[in-house]
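What follows is one structure encoded as structure tokens, with my remarks underneath.
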Amino acid sequence: MTATPIYEHNNPEGVINLQILVTLVLNAVALLVTAKLVPGFSVTDAQTALLAAIVLGVINTFIKPVLAFLTAPLTYVTFGLFAFVVNAIVLWLAAAVVPGIRIDSWVSAILAAIVLSVISTALSMLLKDFGKVVSKKR
């Protein structure tokens, strides 16, 4: 008799929930590291970073696509560089909603957005399969 895992291998909802949790934790860690690296950007503690990761997820899902659409011509003209400004706006919106995040200037916001993107991508690539379930053939 084998122990029942926390999630069933034939339950995709459990897999999705675990991946969302891993993504949120990775984004929270990325926010904390970004706060250490970028002057003018600060996050008070891990709880604030986790809350900010949730808020950033919501903003990235609902508001960022609208911003990206509205600024597409400017992003095109600047060969994609304006996307960093869009990311800074998203970060600034999250800071406005989450107490405990401070951004001192636009330069800090843009630098933090760039560093956050790099760190999030690196962490996601390192742990891309963490939280996934590989089903066994029967």
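Chain labels run A, B, ... following the order of the structure tokens; each chain numbers its residues from 1, and ligands are numbered from 1 in the order shown.
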
Run DSSP on the backbone of this structure and report the residues of chain A it assigns to strand (DSSP E), as number ranges by chain. A: 41-43, 101-103

If you run DSSP over the backbone, which residues in chain A end up helix (DSSP H, G or I)? Put them as a PyMOL selection string. chain A and resi 12-37+46-62+64-70+72-77+82-97+106-126

Residues at most 12 Å from region 51-53 of chain A, counting only C-alpha atoms, excluding those fewer than 4 positions away in the same chain, as a ChimeraX atom specification? /A:20-32,42-47,57-60,90-102,116,120

Using C-alpha atoms, can you write the selected residues to a file as a PDB file, in the first residue's frame?
```
ATOM      1  CA  ILE A  20       0.333  29.149  -8.896  1.00  0.00           C
ATOM      2  CA  LEU A  21       1.630  28.869  -5.339  1.00  0.00           C
ATOM      3  CA  VAL A  22       5.201  28.258  -6.548  1.00  0.00           C
ATOM      4  CA  THR A  23       4.929  31.219  -8.939  1.00  0.00           C
ATOM      5  CA  LEU A  24       3.679  33.515  -6.183  1.00  0.00           C
ATOM      6  CA  VAL A  25       6.513  32.517  -3.859  1.00  0.00           C
ATOM      7  CA  LEU A  26       9.090  32.986  -6.649  1.00  0.00           C
ATOM      8  CA  ASN A  27       7.705  36.444  -7.436  1.00  0.00           C
ATOM      9  CA  ALA A  28       7.779  37.371  -3.747  1.00  0.00           C
ATOM     10  CA  VAL A  29      11.424  36.277  -3.522  1.00  0.00           C
ATOM     11  CA  ALA A  30      12.183  38.243  -6.687  1.00  0.00           C
ATOM     12  CA  LEU A  31      10.614  41.341  -5.126  1.00  0.00           C
ATOM     13  CA  LEU A  32      12.731  40.952  -1.979  1.00  0.00           C
ATOM     14  CA  SER A  42      11.996  48.930  -0.852  1.00  0.00           C
ATOM     15  CA  VAL A  43       9.764  46.164   0.462  1.00  0.00           C
ATOM     16  CA  THR A  44       9.308  46.021   4.235  1.00  0.00           C
ATOM     17  CA  ASP A  45       9.029  42.254   4.759  1.00  0.00           C
ATOM     18  CA  ALA A  46       8.185  38.864   3.260  1.00  0.00           C
ATOM     19  CA  GLN A  47       4.440  39.195   3.938  1.00  0.00           C
ATOM     20  CA  GLY A  57      -0.468  38.994 -10.654  1.00  0.00           C
ATOM     21  CA  VAL A  58      -3.900  40.628 -10.707  1.00  0.00           C
ATOM     22  CA  ILE A  59      -2.562  43.835 -12.302  1.00  0.00           C
ATOM     23  CA  ASN A  60      -0.586  41.854 -14.893  1.00  0.00           C
ATOM     24  CA  VAL A  90       2.511  48.297 -13.222  1.00  0.00           C
ATOM     25  CA  LEU A  91       5.017  48.183 -10.373  1.00  0.00           C
ATOM     26  CA  TRP A  92       4.039  51.714  -9.326  1.00  0.00           C
ATOM     27  CA  LEU A  93       0.341  50.698  -9.282  1.00  0.00           C
ATOM     28  CA  ALA A  94       1.153  47.733  -7.072  1.00  0.00           C
ATOM     29  CA  ALA A  95       3.107  50.003  -4.733  1.00  0.00           C
ATOM     30  CA  ALA A  96       0.111  52.334  -4.531  1.00  0.00           C
ATOM     31  CA  VAL A  97      -2.128  49.452  -3.470  1.00  0.00           C
ATOM     32  CA  VAL A  98       0.203  47.522  -1.150  1.00  0.00           C
ATOM     33  CA  PRO A  99       1.374  49.319   1.981  1.00  0.00           C
ATOM     34  CA  GLY A 100       5.022  48.589   2.707  1.00  0.00           C
ATOM     35  CA  ILE A 101       6.352  49.071  -0.818  1.00  0.00           C
ATOM     36  CA  ARG A 102       8.141  52.336  -1.533  1.00  0.00           C
ATOM     37  CA  LEU A 116      12.467  42.231 -11.222  1.00  0.00           C
ATOM     38  CA  SER A 120      11.749  36.469 -11.995  1.00  0.00           C
TER      39      SER A 120
END
```

Tell me, in Å to one decimal, how far CA of Val115 (chain A) is from CA of Asn17 (chain A).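 Separating CA of Val115 (chain A) from CA of Asn17 (chain A) is a distance of 26.7 Å.
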